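Before any comments, here is the structure.
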Amino acid sequence: MAKNWTKLVKAYKGMWVALAEDETTVLGAGKTVRSALLAAKEKSNKMPFLTHVPDRIVSYVGSL
């Protein structure tokens with residue numbers, strides 16, 4: 001099932017985000033992977049799912 005990251009994109013544009021296993025709960029965020037991981041370690045001892053939230057959403061329609 002696809003995750004709805006609409007609120008995530010609005011709140012964390014251009015940042016690295018560390019998410020819990022559910023891939024929606026934010027454990028930490030920062031301008032670098034390290035800062036997001038350090039913030040996440042304060043909340044959980046499990047390895048978070050890391051992602052970079054883009055500054056803007058750009059649609060892409062591919063072709064063959």
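Labels used: A, B, ... for chains in the order of the structure tokens, numbers from 1 for residues in each chain, and numbers from 1 for ligands as shown.
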### Task
Write out as a PyMOL selection string all residues of chain A that backbone DSSP assigns to alpha helix (DSSP H).
chain A and resi 6-11+33-41
Selection file, C-alpha atoms, as a short mmCIF file (atom, residue, chain, number, x, y, z; two decimals), in the first residue's frame:
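Resulting contents of result-v2.cif:
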data_model
loop_
_atom_site.label_atom_id
_atom_site.label_comp_id
_atom_site.auth_asym_id
_atom_site.auth_seq_id
_atom_site.Cartn_x
_atom_site.Cartn_y
_atom_site.Cartn_z
CA THR A 6 1.91 14.94 1.49
CA LYS A 7 2.34 16.36 5.01
CA LEU A 8 5.91 15.09 5.14
CA VAL A 9 6.81 16.95 1.93
CA LYS A 10 5.20 20.18 3.17
CA ALA A 11 6.93 20.08 6.57
CA VAL A 33 21.84 12.32 7.12
CA ARG A 34 23.91 12.46 10.30
CA SER A 35 21.69 15.04 11.98
CA ALA A 36 18.54 13.09 11.08
CA LEU A 37 20.07 9.87 12.45
CA LEU A 38 21.22 11.51 15.68
CA ALA A 39 17.75 12.94 16.27
CA ALA A 40 16.17 9.54 15.55
CA LYS A 41 18.53 7.75 17.98
#
Would you mind listing what lies within 12 Å of Phe49 in chain A as a JSON list (two decimals) with all heavy atoms, in the first residue's frame, with only C-alpha atoms counted and same-chain residues fewer than 3 positions away left out?
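Written output follows (selection04.json):
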[["chain", "number", "residue", "atom", "x", "y", "z"],
["A", 16, "TRP", "N", 16.67, 15.76, 5.16],
["A", 16, "TRP", "CA", 16.73, 14.33, 5.36],
["A", 16, "TRP", "C", 15.80, 13.98, 6.50],
["A", 16, "TRP", "O", 15.76, 14.68, 7.51],
["A", 16, "TRP", "CB", 18.16, 13.89, 5.70],
["A", 16, "TRP", "CG", 19.03, 13.85, 4.49],
["A", 16, "TRP", "CD1", 19.86, 14.85, 4.05],
["A", 16, "TRP", "CD2", 19.15, 12.79, 3.55],
["A", 16, "TRP", "NE1", 20.47, 14.46, 2.89],
["A", 16, "TRP", "CE2", 20.06, 13.20, 2.56],
["A", 16, "TRP", "CE3", 18.56, 11.53, 3.45],
["A", 16, "TRP", "CZ2", 20.41, 12.38, 1.49],
["A", 16, "TRP", "CZ3", 18.91, 10.72, 2.39],
["A", 16, "TRP", "CH2", 19.82, 11.15, 1.43],
["A", 17, "VAL", "N", 15.05, 12.90, 6.33],
["A", 17, "VAL", "CA", 14.08, 12.50, 7.34],
["A", 17, "VAL", "C", 14.31, 11.04, 7.70],
["A", 17, "VAL", "O", 14.49, 10.19, 6.82],
["A", 17, "VAL", "CB", 12.63, 12.70, 6.81],
["A", 17, "VAL", "CG1", 11.61, 12.28, 7.84],
["A", 17, "VAL", "CG2", 12.41, 14.15, 6.43],
["A", 18, "ALA", "N", 14.29, 10.77, 9.00],
["A", 18, "ALA", "CA", 14.41, 9.40, 9.53],
["A", 18, "ALA", "C", 13.02, 8.97, 9.98],
["A", 18, "ALA", "O", 12.41, 9.60, 10.83],
["A", 18, "ALA", "CB", 15.38, 9.37, 10.71],
["A", 19, "LEU", "N", 12.52, 7.90, 9.35],
["A", 19, "LEU", "CA", 11.17, 7.43, 9.63],
["A", 19, "LEU", "C", 11.18, 6.10, 10.38],
["A", 19, "LEU", "O", 12.09, 5.29, 10.21],
["A", 19, "LEU", "CB", 10.40, 7.25, 8.31],
["A", 19, "LEU", "CG", 10.27, 8.50, 7.43],
["A", 19, "LEU", "CD1", 9.69, 8.11, 6.08],
["A", 19, "LEU", "CD2", 9.40, 9.53, 8.11],
["A", 20, "ALA", "N", 10.13, 5.88, 11.16],
["A", 20, "ALA", "CA", 9.95, 4.61, 11.86],
["A", 20, "ALA", "C", 9.56, 3.53, 10.86],
["A", 20, "ALA", "O", 9.37, 3.80, 9.67],
["A", 20, "ALA", "CB", 8.89, 4.77, 12.94],
["A", 21, "GLU", "N", 9.39, 2.32, 11.36],
["A", 21, "GLU", "CA", 9.06, 1.17, 10.50],
["A", 21, "GLU", "C", 7.78, 1.38, 9.69],
["A", 21, "GLU", "O", 7.65, 0.84, 8.60],
["A", 21, "GLU", "CB", 8.92, -0.09, 11.34],
["A", 21, "GLU", "CG", 10.23, -0.61, 11.87],
["A", 21, "GLU", "CD", 10.06, -1.86, 12.70],
["A", 21, "GLU", "OE1", 9.05, -2.57, 12.54],
["A", 21, "GLU", "OE2", 10.95, -2.14, 13.52],
["A", 22, "ASP", "N", 6.84, 2.16, 10.21],
["A", 22, "ASP", "CA", 5.58, 2.40, 9.49],
["A", 22, "ASP", "C", 5.77, 3.35, 8.30],
["A", 22, "ASP", "O", 4.85, 3.56, 7.52],
["A", 22, "ASP", "CB", 4.51, 2.92, 10.43],
["A", 22, "ASP", "CG", 4.83, 4.29, 11.03],
["A", 22, "ASP", "OD1", 5.86, 4.90, 10.67],
["A", 22, "ASP", "OD2", 4.05, 4.74, 11.89],
["A", 23, "GLU", "N", 6.95, 3.93, 8.17],
["A", 23, "GLU", "CA", 7.31, 4.85, 7.08],
["A", 23, "GLU", "C", 6.46, 6.11, 7.04],
["A", 23, "GLU", "O", 6.37, 6.78, 6.01],
["A", 23, "GLU", "CB", 7.30, 4.14, 5.72],
["A", 23, "GLU", "CG", 8.34, 3.05, 5.62],
["A", 23, "GLU", "CD", 8.35, 2.38, 4.26],
["A", 23, "GLU", "OE1", 7.70, 2.87, 3.32],
["A", 23, "GLU", "OE2", 9.02, 1.33, 4.14],
["A", 24, "THR", "N", 5.84, 6.47, 8.16],
["A", 24, "THR", "CA", 5.09, 7.72, 8.25],
["A", 24, "THR", "C", 5.44, 8.51, 9.51],
["A", 24, "THR", "O", 5.32, 9.73, 9.51],
["A", 24, "THR", "CB", 3.56, 7.48, 8.21],
["A", 24, "THR", "OG1", 3.20, 6.60, 9.25],
["A", 24, "THR", "CG2", 3.12, 6.93, 6.87],
["A", 25, "THR", "N", 5.87, 7.84, 10.57],
["A", 25, "THR", "CA", 6.23, 8.50, 11.82],
["A", 25, "THR", "C", 7.65, 9.04, 11.73],
["A", 25, "THR", "O", 8.59, 8.29, 11.50],
["A", 25, "THR", "CB", 6.14, 7.52, 13.00],
["A", 25, "THR", "OG1", 4.82, 6.98, 13.05],
["A", 25, "THR", "CG2", 6.45, 8.21, 14.31],
["A", 26, "VAL", "N", 7.79, 10.35, 11.88],
["A", 26, "VAL", "CA", 9.09, 11.00, 11.79],
["A", 26, "VAL", "C", 9.81, 10.87, 13.14],
["A", 26, "VAL", "O", 9.30, 11.31, 14.17],
["A", 26, "VAL", "CB", 8.95, 12.48, 11.41],
["A", 26, "VAL", "CG1", 10.31, 13.17, 11.40],
["A", 26, "VAL", "CG2", 8.27, 12.62, 10.05],
["A", 27, "LEU", "N", 10.99, 10.26, 13.11],
["A", 27, "LEU", "CA", 11.80, 10.10, 14.32],
["A", 27, "LEU", "C", 12.84, 11.21, 14.42],
["A", 27, "LEU", "O", 13.29, 11.55, 15.51],
["A", 27, "LEU", "CB", 12.50, 8.74, 14.31],
["A", 27, "LEU", "CG", 11.60, 7.52, 14.32],
["A", 27, "LEU", "CD1", 12.42, 6.25, 14.19],
["A", 27, "LEU", "CD2", 10.76, 7.48, 15.59],
["A", 28, "GLY", "N", 13.25, 11.75, 13.28],
["A", 28, "GLY", "CA", 14.24, 12.82, 13.26],
["A", 28, "GLY", "C", 14.34, 13.42, 11.88],
["A", 28, "GLY", "O", 13.97, 12.79, 10.89],
["A", 29, "ALA", "N", 14.84, 14.64, 11.83],
["A", 29, "ALA", "CA", 15.02, 15.32, 10.55],
["A", 29, "ALA", "C", 16.16, 16.29, 10.67],
["A", 29, "ALA", "O", 16.48, 16.77, 11.76],
["A", 29, "ALA", "CB", 13.74, 16.05, 10.15],
["A", 33, "VAL", "N", 22.23, 13.66, 6.68],
["A", 33, "VAL", "CA", 21.84, 12.32, 7.12],
["A", 33, "VAL", "C", 22.24, 12.14, 8.59],
["A", 33, "VAL", "O", 21.47, 11.62, 9.39],
["A", 33, "VAL", "CB", 22.53, 11.24, 6.25],
["A", 33, "VAL", "CG1", 22.32, 9.86, 6.83],
["A", 33, "VAL", "CG2", 22.00, 11.31, 4.83],
["A", 36, "ALA", "N", 19.82, 13.82, 11.02],
["A", 36, "ALA", "CA", 18.54, 13.09, 11.08],
["A", 36, "ALA", "C", 18.70, 11.81, 11.89],
["A", 36, "ALA", "O", 17.84, 11.48, 12.71],
["A", 36, "ALA", "CB", 18.04, 12.78, 9.67],
["A", 37, "LEU", "N", 19.81, 11.10, 11.70],
["A", 37, "LEU", "CA", 20.07, 9.87, 12.45],
["A", 37, "LEU", "C", 20.25, 10.14, 13.94],
["A", 37, "LEU", "O", 19.73, 9.40, 14.78],
["A", 37, "LEU", "CB", 21.31, 9.16, 11.90],
["A", 37, "LEU", "CG", 21.10, 8.25, 10.72],
["A", 37, "LEU", "CD1", 22.44, 7.74, 10.21],
["A", 37, "LEU", "CD2", 20.20, 7.10, 11.06],
["A", 40, "ALA", "N", 16.96, 10.78, 15.49],
["A", 40, "ALA", "CA", 16.17, 9.54, 15.55],
["A", 40, "ALA", "C", 16.65, 8.63, 16.67],
["A", 40, "ALA", "O", 15.84, 7.97, 17.33],
["A", 40, "ALA", "CB", 16.23, 8.81, 14.22],
["A", 44, "SER", "N", 14.48, 6.20, 19.29],
["A", 44, "SER", "CA", 14.40, 4.77, 19.01],
["A", 44, "SER", "C", 15.79, 4.18, 18.84],
["A", 44, "SER", "O", 16.69, 4.86, 18.36],
["A", 44, "SER", "CB", 13.58, 4.52, 17.75],
["A", 44, "SER", "OG", 13.59, 3.16, 17.39],
["A", 46, "LYS", "N", 16.16, 1.41, 17.00],
["A", 46, "LYS", "CA", 16.09, 0.69, 15.73],
["A", 46, "LYS", "C", 16.61, 1.59, 14.60],
["A", 46, "LYS", "O", 16.52, 2.81, 14.67],
["A", 46, "LYS", "CB", 14.66, 0.28, 15.42],
["A", 46, "LYS", "CG", 14.12, -0.76, 16.37],
["A", 46, "LYS", "CD", 12.75, -1.21, 15.94],
["A", 46, "LYS", "CE", 12.24, -2.29, 16.88],
["A", 46, "LYS", "NZ", 10.91, -2.75, 16.50],
["A", 52, "HIS", "N", 15.39, 11.45, 1.56],
["A", 52, "HIS", "CA", 15.57, 12.89, 1.35],
["A", 52, "HIS", "C", 14.30, 13.42, 0.71],
["A", 52, "HIS", "O", 13.84, 12.92, -0.31],
["A", 52, "HIS", "CB", 16.77, 13.17, 0.44],
["A", 52, "HIS", "CG", 17.06, 14.62, 0.30],
["A", 52, "HIS", "ND1", 16.59, 15.38, -0.74],
["A", 52, "HIS", "CD2", 17.74, 15.47, 1.11],
["A", 52, "HIS", "CE1", 16.99, 16.62, -0.58],
["A", 52, "HIS", "NE2", 17.68, 16.70, 0.54]]
### Task
Find the residues around range 55-63 of chain A up to 9 Å (only C-alpha atoms counted), leave out those fewer than 4 positions away in its own chain, and share them as an NGL selection string.
:A and (9 or 12-15)
### Message
What parts of chain A does DSSP call strand (DSSP E)? I'd like the answer as a ChimeraX atom specification.
### Response
/A:16-19,26-30,49-52
### Message
I'd like to know which of A:Pro54, A:Thr32, A:Glu42, A:Leu64 is closest to Trp5 in chain A, using only C-alpha atoms.
### Response
A:Pro54
